[in-house]
file entry.cif (mmCIF, C-alpha atoms)
data_run
#
loop_
_atom_site.label_atom_id
_atom_site.label_comp_id
_atom_site.auth_asym_id
_atom_site.auth_seq_id
_atom_site.Cartn_x
_atom_site.Cartn_y
_atom_site.Cartn_z
CA MET A 1 0.00 0.00 0.00
CA VAL A 2 1.40 3.38 -1.01
CA THR A 3 0.43 6.37 1.10
CA ILE A 4 0.36 9.49 -1.06
CA ILE A 5 0.66 12.75 0.86
CA ASP A 6 -2.29 14.87 -0.19
CA TYR A 7 -1.38 18.33 1.12
CA GLY A 8 -3.42 20.43 -1.24
CA THR A 9 -0.84 21.23 -3.88
CA GLY A 10 -1.27 20.38 -7.51
CA ASN A 11 -2.88 17.55 -9.32
CA LEU A 12 -2.19 14.04 -8.03
CA ARG A 13 -3.91 12.38 -10.97
CA SER A 14 -0.81 11.52 -12.97
CA VAL A 15 0.79 9.84 -9.95
CA THR A 16 -2.32 7.81 -9.08
CA ASN A 17 -2.76 6.84 -12.74
CA ALA A 18 0.82 5.54 -12.83
CA LEU A 19 0.32 3.49 -9.65
CA GLU A 20 -2.89 2.05 -11.10
CA ARG A 21 -1.03 1.04 -14.27
CA LEU A 22 1.42 -0.84 -12.01
CA GLY A 23 -1.44 -2.49 -10.13
CA ALA A 24 -0.36 -0.85 -6.86
CA GLU A 25 -2.86 0.04 -4.16
CA TYR A 26 -2.69 3.53 -2.74
CA THR A 27 -4.39 5.88 -0.38
CA LEU A 28 -4.41 9.70 -0.33
CA THR A 29 -4.10 11.35 3.05
CA ALA A 30 -2.71 14.26 5.07
CA ASP A 31 -3.34 12.59 8.42
CA PRO A 32 -0.05 12.39 10.42
CA ASP A 33 -1.12 9.20 12.22
CA ALA A 34 -1.93 7.42 8.98
CA ILE A 35 1.38 8.59 7.50
CA ARG A 36 3.36 7.36 10.53
CA ARG A 37 1.83 3.92 10.03
CA ALA A 38 2.47 3.84 6.27
CA GLU A 39 4.37 1.05 4.54
CA ARG A 40 5.61 3.34 1.82
CA VAL A 41 5.17 7.07 1.32
CA LEU A 42 5.03 9.13 -1.84
CA LEU A 43 5.42 12.91 -1.62
CA PRO A 44 4.33 14.44 -4.93
CA GLY A 45 4.40 18.12 -5.65
CA VAL A 46 3.60 20.58 -8.34
CA GLY A 47 3.74 24.27 -7.56
CA GLU A 48 5.82 26.64 -5.51
CA ALA A 49 8.19 25.66 -2.69
CA ALA A 50 7.23 28.22 0.00
CA THR A 51 3.50 27.54 -0.39
CA ALA A 52 4.03 23.79 -0.39
CA MET A 53 6.23 23.88 2.75
CA ALA A 54 3.65 26.07 4.51
CA GLN A 55 0.99 23.49 3.64
CA LEU A 56 3.09 20.66 5.05
CA ARG A 57 3.68 22.61 8.29
CA ASP A 58 0.02 23.65 8.60
CA LYS A 59 -0.99 20.03 8.40
CA GLY A 60 1.59 19.08 11.03
CA LEU A 61 3.49 16.90 8.59
CA SER A 62 6.96 18.40 8.79
CA ASP A 63 8.25 16.31 11.73
CA THR A 64 6.14 13.32 10.71
CA LEU A 65 7.94 13.15 7.38
CA LYS A 66 11.42 13.64 8.87
CA ASN A 67 10.90 10.77 11.31
CA LEU A 68 9.63 8.20 8.81
CA THR A 69 11.58 4.96 8.59
CA CYS A 70 9.62 3.38 5.70
CA PRO A 71 10.67 4.00 2.07
CA VAL A 72 9.78 7.58 1.07
CA LEU A 73 9.87 8.92 -2.49
CA GLY A 74 9.62 12.64 -3.26
CA ILE A 75 8.83 13.54 -6.85
CA CYS A 76 9.71 16.89 -8.49
CA LEU A 77 8.85 19.61 -5.95
CA GLY A 78 8.34 16.76 -3.48
CA MET A 79 12.06 15.94 -3.78
CA GLN A 80 13.02 19.60 -3.39
CA LEU A 81 11.02 19.76 -0.15
CA LEU A 82 13.14 16.91 1.23
CA CYS A 83 16.23 19.10 0.71
CA ALA A 84 17.67 21.66 3.14
CA HIS A 85 16.74 24.91 1.44
CA SER A 86 15.15 26.19 -1.73
CA GLU A 87 15.95 29.49 -3.37
CA GLU A 88 12.32 29.56 -4.50
CA GLY A 89 10.70 31.89 -1.96
CA ASP A 90 13.89 31.55 0.21
CA THR A 91 12.32 28.49 1.81
CA ALA A 92 13.70 26.33 4.62
CA CYS A 93 12.74 22.79 3.65
CA LEU A 94 12.75 19.49 5.55
CA GLY A 95 16.51 18.99 5.53
CA ILE A 96 16.53 15.24 5.03
CA PHE A 97 18.96 15.72 2.16
CA PRO A 98 21.57 18.44 2.89
CA ASN A 99 21.28 19.81 -0.67
CA ARG A 100 20.40 23.37 -1.57
CA VAL A 101 17.93 23.90 -4.42
CA ARG A 102 18.70 26.75 -6.78
CA ARG A 103 17.15 28.31 -9.84
CA PHE A 104 18.84 27.46 -13.14
CA PRO A 105 21.20 30.35 -13.88
CA GLU A 106 20.39 32.77 -16.69
CA GLN A 107 22.71 31.91 -19.53
CA ALA A 108 22.54 32.17 -23.26
CA GLY A 109 20.69 29.31 -24.88
CA LEU A 110 19.49 27.80 -21.60
CA LYS A 111 15.72 27.74 -21.60
CA VAL A 112 14.02 27.82 -18.20
CA PRO A 113 11.95 25.89 -17.23
CA HIS A 114 13.96 22.83 -18.19
CA VAL A 115 11.27 20.84 -19.99
CA GLY A 116 11.63 17.58 -21.83
CA TRP A 117 13.56 14.33 -21.93
CA ASN A 118 17.05 14.45 -20.51
CA SER A 119 19.49 11.68 -19.64
CA ILE A 120 20.45 10.40 -16.17
CA HIS A 121 24.00 9.32 -15.32
CA ASN A 122 26.10 7.92 -12.44
CA LEU A 123 23.07 5.98 -11.25
CA LYS A 124 23.03 4.88 -7.62
CA SER A 125 20.33 3.52 -5.32
CA PRO A 126 17.93 0.60 -5.69
CA LEU A 127 15.57 2.85 -7.70
CA TYR A 128 17.79 2.36 -10.74
CA LYS A 129 17.95 -1.42 -10.77
CA ASP A 130 17.89 -2.50 -14.44
CA ILE A 131 17.94 1.12 -15.63
CA LYS A 132 20.73 1.81 -18.08
CA GLU A 133 23.23 4.63 -17.77
CA GLY A 134 22.13 7.54 -19.92
CA GLU A 135 18.44 6.55 -19.87
CA TYR A 136 16.10 9.41 -20.73
CA VAL A 137 13.46 10.65 -18.29
CA TYR A 138 10.98 13.51 -18.41
CA TYR A 139 11.64 16.78 -16.58
CA VAL A 140 9.59 19.96 -16.00
CA HIS A 141 11.24 22.35 -13.50
CA SER A 142 12.98 25.68 -12.98
CA TYR A 143 14.83 24.87 -9.73
CA ALA A 144 17.32 22.08 -9.21
CA ALA A 145 19.25 20.47 -6.34
CA GLU A 146 23.03 20.70 -6.36
CA VAL A 147 25.18 17.59 -6.70
CA ASN A 148 26.63 16.10 -3.49
CA GLU A 149 27.14 12.76 -1.75
CA CYS A 150 23.36 12.10 -1.75
CA THR A 151 23.10 12.40 -5.53
CA ALA A 152 21.66 9.20 -7.01
CA ALA A 153 21.51 10.39 -10.63
CA VAL A 154 23.17 13.31 -12.40
CA THR A 155 21.60 15.22 -15.28
CA ASP A 156 23.32 17.99 -17.18
CA TYR A 157 21.46 21.16 -18.08
CA GLY A 158 23.86 24.07 -18.38
CA GLU A 159 25.57 22.42 -15.40
CA PRO A 160 25.21 19.08 -13.63
CA PHE A 161 22.40 18.84 -11.07
CA SER A 162 20.83 16.10 -8.95
CA GLY A 163 18.23 14.36 -11.07
CA SER A 164 17.74 12.06 -8.12
CA LEU A 165 18.73 11.87 -4.44
CA TYR A 166 19.15 8.98 -2.03
CA LYS A 167 19.83 8.71 1.69
CA ASP A 168 18.84 5.81 3.95
CA ASN A 169 15.11 5.21 3.36
CA PHE A 170 14.59 8.50 1.50
CA PHE A 171 14.55 8.76 -2.29
CA GLY A 172 13.91 11.68 -4.60
CA CYS A 173 13.32 12.10 -8.33
CA GLN A 174 13.43 15.58 -9.80
CA PHE A 175 12.05 14.10 -13.02
CA HIS A 176 8.57 12.64 -13.38
CA PRO A 177 8.78 8.82 -13.40
CA GLU A 178 5.00 8.76 -13.93
CA LYS A 179 5.53 10.47 -17.31
CA SER A 180 8.78 8.78 -18.31
CA GLY A 181 7.46 5.85 -20.33
CA ALA A 182 8.74 2.34 -19.71
CA ALA A 183 11.85 3.53 -17.83
CA GLY A 184 9.72 5.62 -15.47
CA SER A 185 7.40 2.69 -14.80
CA ARG A 186 10.41 0.54 -13.97
CA ILE A 187 11.74 3.17 -11.53
CA LEU A 188 8.36 3.35 -9.79
CA ALA A 189 8.14 -0.43 -9.71
CA ASN A 190 11.63 -0.51 -8.16
CA PHE A 191 10.42 1.88 -5.44
CA LEU A 192 7.44 -0.37 -4.79
CA SER A 193 9.72 -3.37 -4.26
CA ILE A 194 12.21 -1.70 -1.88
CA MET B 195 21.74 16.22 -22.78
CA LEU B 196 18.25 17.47 -23.47
CA ALA B 197 16.77 15.40 -26.30
CA LYS B 198 15.01 16.76 -29.36
CA ARG B 199 11.41 15.60 -29.26
CA ILE B 200 9.33 13.78 -31.85
CA ILE B 201 5.61 14.41 -31.43
CA PRO B 202 2.85 12.61 -33.36
CA CYS B 203 -0.35 14.62 -33.61
CA LEU B 204 -3.75 12.92 -33.59
CA ASP B 205 -6.91 14.67 -34.79
CA ILE B 206 -9.98 13.55 -32.87
CA LYS B 207 -13.55 13.85 -34.07
CA ASP B 208 -16.37 12.57 -31.89
CA GLY B 209 -13.92 10.49 -29.86
CA GLN B 210 -12.23 8.77 -32.82
CA THR B 211 -8.88 9.41 -34.50
CA VAL B 212 -9.41 10.72 -38.02
CA LYS B 213 -7.12 11.57 -40.88
CA GLY B 214 -7.73 13.65 -43.92
CA ILE B 215 -7.79 11.87 -47.26
CA HIS B 216 -7.47 14.01 -50.35
CA PHE B 217 -10.83 14.59 -52.03
CA GLU B 218 -12.55 12.22 -49.62
CA GLY B 219 -12.69 14.17 -46.40
CA LEU B 220 -12.04 12.44 -43.11
CA ARG B 221 -11.59 8.77 -42.48
CA THR B 222 -11.71 7.19 -39.05
CA VAL B 223 -8.48 5.38 -38.27
CA GLY B 224 -9.18 3.98 -34.85
CA ASP B 225 -9.11 4.36 -31.14
CA PRO B 226 -7.06 7.38 -29.97
CA VAL B 227 -5.76 5.64 -26.86
CA GLU B 228 -4.60 2.55 -28.76
CA LEU B 229 -2.92 4.63 -31.45
CA GLY B 230 -1.29 6.83 -28.79
CA ARG B 231 -0.10 3.72 -26.95
CA LYS B 232 1.41 2.37 -30.16
CA TYR B 233 3.28 5.64 -30.81
CA ALA B 234 4.47 5.78 -27.20
CA ASP B 235 5.78 2.22 -27.45
CA GLU B 236 7.55 3.10 -30.70
CA GLY B 237 9.40 5.96 -29.00
CA ALA B 238 7.24 9.06 -29.41
CA ASP B 239 8.34 11.63 -26.83
CA GLU B 240 4.99 13.33 -26.43
CA LEU B 241 1.57 13.17 -28.04
CA VAL B 242 -0.74 15.94 -29.17
CA TYR B 243 -4.49 15.32 -29.37
CA LEU B 244 -6.52 17.95 -31.22
CA ASP B 245 -10.28 17.94 -30.95
CA ILE B 246 -11.85 18.82 -34.27
CA SER B 247 -15.40 17.90 -33.24
CA ALA B 248 -17.95 20.44 -34.33
CA THR B 249 -20.68 19.49 -31.88
CA VAL B 250 -21.25 19.90 -28.13
CA GLU B 251 -21.67 16.14 -27.87
CA GLY B 252 -18.35 15.59 -29.64
CA ARG B 253 -16.58 17.97 -27.24
CA LYS B 254 -17.99 16.12 -24.25
CA THR B 255 -16.71 12.84 -25.68
CA PHE B 256 -13.27 14.46 -26.02
CA ALA B 257 -13.16 15.48 -22.33
CA GLU B 258 -13.93 11.88 -21.37
CA LEU B 259 -11.27 10.69 -23.78
CA VAL B 260 -8.65 12.91 -22.08
CA SER B 261 -9.21 11.09 -18.77
CA ARG B 262 -8.80 7.76 -20.52
CA ILE B 263 -5.58 8.87 -22.24
CA ALA B 264 -4.21 10.05 -18.87
CA ARG B 265 -4.97 6.68 -17.30
CA GLU B 266 -3.34 4.64 -20.01
CA ILE B 267 -0.51 6.67 -21.56
CA ASP B 268 2.76 7.08 -19.64
CA ILE B 269 4.35 9.91 -21.63
CA PRO B 270 3.33 13.60 -21.59
CA PHE B 271 0.44 14.67 -23.78
CA THR B 272 -0.96 17.97 -24.95
CA VAL B 273 -4.59 18.61 -25.85
CA GLY B 274 -6.15 21.36 -27.89
CA GLY B 275 -9.06 22.35 -30.04
CA GLY B 276 -11.89 24.48 -28.75
CA ILE B 277 -10.14 25.89 -25.67
CA SER B 278 -11.36 29.46 -25.35
CA THR B 279 -11.28 30.12 -21.60
CA ALA B 280 -8.96 29.39 -18.68
CA GLU B 281 -11.77 27.23 -17.26
CA ASP B 282 -11.69 25.04 -20.40
CA ALA B 283 -7.95 24.60 -19.86
CA GLY B 284 -8.39 23.89 -16.14
CA ALA B 285 -10.91 21.14 -16.83
CA LEU B 286 -8.42 19.44 -19.16
CA LEU B 287 -5.67 19.73 -16.53
CA LEU B 288 -7.94 18.03 -14.00
CA ALA B 289 -8.72 15.32 -16.54
CA GLY B 290 -4.97 14.65 -16.69
CA ALA B 291 -3.59 16.63 -19.65
CA ASP B 292 0.02 17.76 -19.22
CA LYS B 293 -0.36 20.79 -21.47
CA VAL B 294 -2.96 22.58 -23.53
CA THR B 295 -2.51 24.27 -26.87
CA VAL B 296 -4.41 27.37 -27.98
CA ASN B 297 -4.46 28.89 -31.43
CA SER B 298 -7.27 31.04 -32.88
CA ALA B 299 -8.74 31.78 -29.45
CA ALA B 300 -5.46 33.35 -28.32
CA VAL B 301 -5.28 35.52 -31.45
CA ARG B 302 -8.83 36.70 -30.74
CA ASN B 303 -8.18 37.16 -27.04
CA PRO B 304 -4.45 37.32 -26.21
CA SER B 305 -5.09 37.69 -22.46
CA LEU B 306 -6.20 34.03 -22.56
CA ILE B 307 -2.46 33.20 -22.53
CA ASP B 308 -1.86 35.30 -19.40
CA GLU B 309 -4.85 33.73 -17.68
CA ILE B 310 -3.88 30.12 -18.39
CA ALA B 311 -0.18 30.70 -17.58
CA GLY B 312 -1.09 32.65 -14.43
CA GLN B 313 -3.39 29.96 -13.08
CA TYR B 314 -1.62 26.79 -14.16
CA GLY B 315 1.97 27.76 -14.93
CA ARG B 316 3.71 28.52 -18.20
CA GLN B 317 4.82 24.93 -18.71
CA PHE B 318 1.12 24.14 -19.20
CA ILE B 319 0.47 26.31 -22.26
CA VAL B 320 1.64 25.87 -25.84
CA VAL B 321 0.67 28.65 -28.23
CA ALA B 322 0.15 27.35 -31.76
CA ILE B 323 0.68 29.80 -34.61
CA ASP B 324 -0.35 29.18 -38.22
CA ALA B 325 1.23 31.74 -40.55
CA ARG B 326 1.51 32.22 -44.30
CA MET B 327 4.21 34.21 -46.08
CA ASP B 328 2.64 36.82 -48.36
CA ASP B 329 4.07 38.20 -51.65
CA THR B 330 6.06 40.85 -49.77
CA GLY B 331 7.80 38.25 -47.60
CA ARG B 332 5.79 39.06 -44.49
CA TRP B 333 4.63 36.13 -42.36
CA VAL B 334 0.92 36.78 -41.76
CA VAL B 335 -0.68 35.00 -38.80
CA THR B 336 -3.83 33.17 -39.85
CA THR B 337 -6.67 31.52 -37.94
CA HIS B 338 -9.17 28.77 -38.66
CA GLY B 339 -6.66 26.39 -40.19
CA GLY B 340 -5.06 29.03 -42.38
CA ARG B 341 -8.28 30.26 -43.95
CA THR B 342 -8.49 33.63 -42.19
CA PRO B 343 -5.59 36.10 -42.39
CA THR B 344 -5.15 38.46 -39.42
CA GLU B 345 -3.35 41.77 -38.86
CA ARG B 346 -0.68 40.03 -36.86
CA GLU B 347 2.83 39.12 -37.98
CA LEU B 348 4.56 35.89 -36.92
CA PHE B 349 7.61 37.15 -35.02
CA GLY B 350 5.80 39.93 -33.17
CA TRP B 351 2.98 37.60 -32.17
CA ALA B 352 5.38 34.86 -31.05
CA ARG B 353 7.28 37.36 -28.85
CA GLU B 354 4.03 38.69 -27.43
CA ALA B 355 2.82 35.15 -26.69
CA GLN B 356 6.10 34.45 -24.87
CA GLU B 357 5.83 37.66 -22.85
CA ARG B 358 2.27 36.79 -21.92
CA GLY B 359 3.37 33.42 -20.56
CA ALA B 360 3.48 30.86 -23.37
CA GLY B 361 5.69 27.93 -22.41
CA GLU B 362 6.29 26.80 -25.99
CA ILE B 363 5.51 27.97 -29.52
CA LEU B 364 4.19 25.51 -32.10
CA PHE B 365 4.66 27.07 -35.53
CA THR B 366 3.12 25.78 -38.75
CA SER B 367 3.93 27.40 -42.09
CA MET B 368 0.76 27.29 -44.15
CA ASN B 369 2.97 27.59 -47.26
CA HIS B 370 4.65 24.31 -46.38
CA ASP B 371 1.95 22.36 -44.53
CA GLY B 372 0.96 19.26 -46.48
CA THR B 373 3.62 19.74 -49.19
CA LYS B 374 6.11 17.20 -47.79
CA ASN B 375 8.86 19.45 -49.19
CA GLY B 376 10.40 20.36 -45.85
CA TYR B 377 10.27 23.28 -43.44
CA PRO B 378 11.19 26.97 -43.81
CA CYS B 379 14.34 26.47 -41.74
CA GLU B 380 15.54 30.08 -41.86
CA THR B 381 12.23 31.21 -40.41
CA PHE B 382 12.47 28.60 -37.67
CA ALA B 383 16.05 29.64 -36.89
CA ARG B 384 14.97 33.27 -36.61
CA LEU B 385 12.11 32.28 -34.28
CA ALA B 386 14.57 30.36 -32.10
CA SER B 387 16.93 33.33 -31.97
CA GLU B 388 14.15 35.75 -30.98
CA LEU B 389 12.53 33.52 -28.36
CA SER B 390 13.78 32.02 -25.11
CA ILE B 391 11.10 29.28 -25.03
CA PRO B 392 11.12 26.04 -27.04
CA VAL B 393 9.86 26.02 -30.62
CA ILE B 394 8.02 23.03 -32.06
CA ALA B 395 8.14 22.68 -35.85
CA SER B 396 5.04 21.47 -37.64
CA GLY B 397 3.89 21.05 -41.20
CA GLY B 398 5.97 20.14 -44.21
CA ALA B 399 8.00 17.07 -43.33
CA GLY B 400 8.26 14.44 -46.03
CA THR B 401 11.54 12.78 -45.06
CA ALA B 402 13.74 12.16 -42.03
CA ASP B 403 16.22 14.63 -43.58
CA HIS B 404 13.62 17.40 -43.42
CA ILE B 405 13.12 16.74 -39.72
CA ALA B 406 16.89 16.54 -39.10
CA GLU B 407 17.31 19.87 -40.88
CA VAL B 408 14.67 21.74 -38.86
CA LEU B 409 16.13 20.35 -35.61
CA THR B 410 19.65 21.50 -36.55
CA ALA B 411 19.72 24.41 -39.04
CA GLY B 412 16.19 25.40 -37.99
CA ARG B 413 17.16 25.14 -34.28
CA ALA B 414 13.74 23.71 -33.41
CA ASP B 415 13.43 21.81 -30.13
CA ALA B 416 10.82 19.37 -31.38
CA ALA B 417 9.08 18.24 -34.56
CA LEU B 418 5.39 17.49 -34.74
CA ALA B 419 3.78 15.56 -37.58
CA ALA B 420 0.66 13.60 -38.34
CA SER B 421 0.37 11.96 -41.74
CA ILE B 422 3.95 10.68 -42.04
CA PHE B 423 3.33 8.67 -38.88
CA HIS B 424 -0.31 7.73 -39.52
CA TYR B 425 0.45 6.40 -42.98
CA GLY B 426 3.60 4.68 -41.79
CA GLU B 427 5.72 6.66 -44.27
CA ILE B 428 8.37 7.29 -41.62
CA PRO B 429 8.00 4.92 -38.68
CA ILE B 430 9.12 6.57 -35.43
CA PRO B 431 11.88 4.04 -34.60
CA MET B 432 13.39 4.55 -38.06
CA LEU B 433 13.17 8.33 -37.71
CA LYS B 434 14.82 8.25 -34.27
CA ARG B 435 17.65 6.09 -35.59
CA ALA B 436 18.13 8.37 -38.58
CA LEU B 437 18.33 11.42 -36.31
CA HIS B 438 20.71 9.63 -33.93
CA GLU B 439 22.99 8.72 -36.85
CA ARG B 440 23.14 12.39 -37.78
CA GLY B 441 24.40 13.19 -34.27
CA ILE B 442 21.12 14.65 -33.01
CA ALA B 443 20.32 13.90 -29.34
CA VAL B 444 17.17 11.81 -29.29
CA ARG B 445 15.71 9.38 -26.80
CA ILE B 446 16.16 5.88 -28.16
#
call {"tool": "encode", "arguments": {"input": "entry.cif", "output": "structure tokens"}}
result
Amino acid sequence: MVTIIDYGTGNLRSVTNALERLGAEYTLTADPDAIRRAERVLLPGVGEAATAMAQLRDKGLSDTLKNLTCPVLGICLGMQLLCAHSEEGDTACLGIFPNRVRRFPEQAGLKVPHVGWNSIHNLKSPLYKDIKEGEYVYYVHSYAAEVNECTAAVTDYGEPFSGSLYKDNFFGCQFHPEKSGAAGSRILANFLSI
Amino acid sequence: MLAKRIIPCLDIKDGQTVKGIHFEGLRTVGDPVELGRKYADEGADELVYLDISATVEGRKTFAELVSRIAREIDIPFTVGGGISTAEDAGALLLAGADKVTVNSAAVRNPSLIDEIAGQYGRQFIVVAIDARMDDTGRWVVTTHGGRTPTERELFGWAREAQERGAGEILFTSMNHDGTKNGYPCETFARLASELSIPVIASGGAGTADHIAEVLTAGRADAALAASIFHYGEIPIPMLKRALHERGIAVRI
């Protein structure tokens, strides 16, 4: 059973559709007790970092999330919220990953948001079992986490950034596995079997 | 490296995929979800579904279809046709569309772009522009599938659309559409140099070389086509390999 954190940001439909395609059962909730008891937690996120963090705090989920010991996957903004700090709205995030999240720098020829299929390299973590180096996944974002020891996949866009993060039971994908075709389905399936 | 995208476009009438046949009108070619699935499996990077239904009933069928596509297709898809308000766009987002495309409605009411981008983010809106080069060399923006010329000019309108919040520009040259003689690459290159958002090239491809050219010399970020895929003239795996062999970054 996957517990999807429903904290009032964005559309969860594409994530639930992807889980249904994989035959996974899921529940949507913002109840801290239910989340503490979860087998597996998915933190989605579309929108703006400061607003999303405020929503998590309002619902009393900030400490709940930090203390989880089950597998947790943050997707897109959900991964950024697991980081230490986001430049978007100068937001203190959950700090599970020590990474800072910064806006892509203005430079000639670099279109922001970074939208489309880009390749992932230096793959680490059980999420990438049977995923080949250089596989393409689908991104839509303007802010990105820096590369450090928690980086589980590197993507290059103007400069290298963390396409994915990994620490203990916490996982993050900046890209959208639910929109990344067969490779994305495999990554989600890998998460479901951790 | 960010890949260049290949995007099949499906026209939908009353819930069915249709394609135009010369002198015969439209022929139904099957279930939109199954065809989309097939393209996705073959390596399409995104799909575009355009509703060309003329009836209220047909439009309702399309909205239901969008939910079905979202359930079954695991790559991004864009929907368009008949979006004239931000509410129309919002309903499609809720149904599971990743992006919407607006064309004539945005020419009529440019603030539609601001409204959709403001409410749902600029990554959600693709502004489609159909333009025809006149005898003086000016690219005149047209509406209603190229039938109605407007006062607007391509480059100015594309810049305005970007300033208003368009996330991408989908440009079709009405001089080239359907000819299979290739794209106006210089025009595409100028669009790319004047814009900071991605440009999708549409209309005119007859060969893999044409697509390679618009993605390199034309500096387009993506190529959209319908008939070359529907008729199997250039199967997507073959096209991707051909682009890869020419050193173009594509997802294979």
call {"tool": "closest_residue", "arguments": {"input": "entry.cif", "among": "A:Glu20, A:Asp33, A:Glu25, A:Asp63", "to": "chain B", "atoms": "all atoms listed in the file"}}
result
A:Glu20
call {"tool": "residues_around", "arguments": {"input": "entry.cif", "residues": "range 403-414 of chain B", "least_positions_apart": "5", "cutoff": "12 Å", "atoms": "all atoms listed in the file", "output": "number ranges by chain"}}
result
A: 109; B: 197-201, 362-365, 370, 373-398, 419, 422, 428, 430, 432-444
call {"tool": "write_last_selection", "arguments": {"input": "entry.cif", "atoms": "C-alpha atoms", "output": "PDB file, in the frame of the given file"}}
result
ATOM      1  CA  GLY A 109      20.690  29.310 -24.880  1.00  0.00           C
TER       2      GLY A 109
ATOM      3  CA  ALA B 197      16.770  15.400 -26.300  1.00  0.00           C
ATOM      4  CA  LYS B 198      15.010  16.760 -29.360  1.00  0.00           C
ATOM      5  CA  ARG B 199      11.410  15.600 -29.260  1.00  0.00           C
ATOM      6  CA  ILE B 200       9.330  13.780 -31.850  1.00  0.00           C
ATOM      7  CA  ILE B 201       5.610  14.410 -31.430  1.00  0.00           C
ATOM      8  CA  GLU B 362       6.290  26.800 -25.990  1.00  0.00           C
ATOM      9  CA  ILE B 363       5.510  27.970 -29.520  1.00  0.00           C
ATOM     10  CA  LEU B 364       4.190  25.510 -32.100  1.00  0.00           C
ATOM     11  CA  PHE B 365       4.660  27.070 -35.530  1.00  0.00           C
ATOM     12  CA  HIS B 370       4.650  24.310 -46.380  1.00  0.00           C
ATOM     13  CA  THR B 373       3.620  19.740 -49.190  1.00  0.00           C
ATOM     14  CA  LYS B 374       6.110  17.200 -47.790  1.00  0.00           C
ATOM     15  CA  ASN B 375       8.860  19.450 -49.190  1.00  0.00           C
ATOM     16  CA  GLY B 376      10.400  20.360 -45.850  1.00  0.00           C
ATOM     17  CA  TYR B 377      10.270  23.280 -43.440  1.00  0.00           C
ATOM     18  CA  PRO B 378      11.190  26.970 -43.810  1.00  0.00           C
ATOM     19  CA  CYS B 379      14.340  26.470 -41.740  1.00  0.00           C
ATOM     20  CA  GLU B 380      15.540  30.080 -41.860  1.00  0.00           C
ATOM     21  CA  THR B 381      12.230  31.210 -40.410  1.00  0.00           C
ATOM     22  CA  PHE B 382      12.470  28.600 -37.670  1.00  0.00           C
ATOM     23  CA  ALA B 383      16.050  29.640 -36.890  1.00  0.00           C
ATOM     24  CA  ARG B 384      14.970  33.270 -36.610  1.00  0.00           C
ATOM     25  CA  LEU B 385      12.110  32.280 -34.280  1.00  0.00           C
ATOM     26  CA  ALA B 386      14.570  30.360 -32.100  1.00  0.00           C
ATOM     27  CA  SER B 387      16.930  33.330 -31.970  1.00  0.00           C
ATOM     28  CA  GLU B 388      14.150  35.750 -30.980  1.00  0.00           C
ATOM     29  CA  LEU B 389      12.530  33.520 -28.360  1.00  0.00           C
ATOM     30  CA  SER B 390      13.780  32.020 -25.110  1.00  0.00           C
ATOM     31  CA  ILE B 391      11.100  29.280 -25.030  1.00  0.00           C
ATOM     32  CA  PRO B 392      11.120  26.040 -27.040  1.00  0.00           C
ATOM     33  CA  VAL B 393       9.860  26.020 -30.620  1.00  0.00           C
ATOM     34  CA  ILE B 394       8.020  23.030 -32.060  1.00  0.00           C
ATOM     35  CA  ALA B 395       8.140  22.680 -35.850  1.00  0.00           C
ATOM     36  CA  SER B 396       5.040  21.470 -37.640  1.00  0.00           C
ATOM     37  CA  GLY B 397       3.890  21.050 -41.200  1.00  0.00           C
ATOM     38  CA  GLY B 398       5.970  20.140 -44.210  1.00  0.00           C
ATOM     39  CA  ALA B 419       3.780  15.560 -37.580  1.00  0.00           C
ATOM     40  CA  ILE B 422       3.950  10.680 -42.040  1.00  0.00           C
ATOM     41  CA  ILE B 428       8.370   7.290 -41.620  1.00  0.00           C
ATOM     42  CA  ILE B 430       9.120   6.570 -35.430  1.00  0.00           C
ATOM     43  CA  MET B 432      13.390   4.550 -38.060  1.00  0.00           C
ATOM     44  CA  LEU B 433      13.170   8.330 -37.710  1.00  0.00           C
ATOM     45  CA  LYS B 434      14.820   8.250 -34.270  1.00  0.00           C
ATOM     46  CA  ARG B 435      17.650   6.090 -35.590  1.00  0.00           C
ATOM     47  CA  ALA B 436      18.130   8.370 -38.580  1.00  0.00           C
ATOM     48  CA  LEU B 437      18.330  11.420 -36.310  1.00  0.00           C
ATOM     49  CA  HIS B 438      20.710   9.630 -33.930  1.00  0.00           C
ATOM     50  CA  GLU B 439      22.990   8.720 -36.850  1.00  0.00           C
ATOM     51  CA  ARG B 440      23.140  12.390 -37.780  1.00  0.00           C
ATOM     52  CA  GLY B 441      24.400  13.190 -34.270  1.00  0.00           C
ATOM     53  CA  ILE B 442      21.120  14.650 -33.010  1.00  0.00           C
ATOM     54  CA  ALA B 443      20.320  13.900 -29.340  1.00  0.00           C
ATOM     55  CA  VAL B 444      17.170  11.810 -29.290  1.00  0.00           C
TER      56      VAL B 444
END
call {"tool": "resolve_selection", "arguments": {"input": "entry.cif", "expression": "the PyMOL selection byres ((chain A and resi 154) around 7)", "output": "ChimeraX atom specification"}}
result
/A:120-122,151-153,155-156,160-163
call {"tool": "write_last_selection", "arguments": {"input": "entry.cif", "atoms": "C-alpha atoms", "output": "mmCIF file, keeping the file's coordinate frame"}}
result
data_model
loop_
_atom_site.group_PDB
_atom_site.id
_atom_site.type_symbol
_atom_site.label_atom_id
_atom_site.label_comp_id
_atom_site.auth_asym_id
_atom_site.auth_seq_id
_atom_site.Cartn_x
_atom_site.Cartn_y
_atom_site.Cartn_z
ATOM 1 C CA ILE A 120 20.450 10.400 -16.170
ATOM 2 C CA HIS A 121 24.000 9.320 -15.320
ATOM 3 C CA ASN A 122 26.100 7.920 -12.440
ATOM 4 C CA THR A 151 23.100 12.400 -5.530
ATOM 5 C CA ALA A 152 21.660 9.200 -7.010
ATOM 6 C CA ALA A 153 21.510 10.390 -10.630
ATOM 7 C CA THR A 155 21.600 15.220 -15.280
ATOM 8 C CA ASP A 156 23.320 17.990 -17.180
ATOM 9 C CA PRO A 160 25.210 19.080 -13.630
ATOM 10 C CA PHE A 161 22.400 18.840 -11.070
ATOM 11 C CA SER A 162 20.830 16.100 -8.950
ATOM 12 C CA GLY A 163 18.230 14.360 -11.070
#
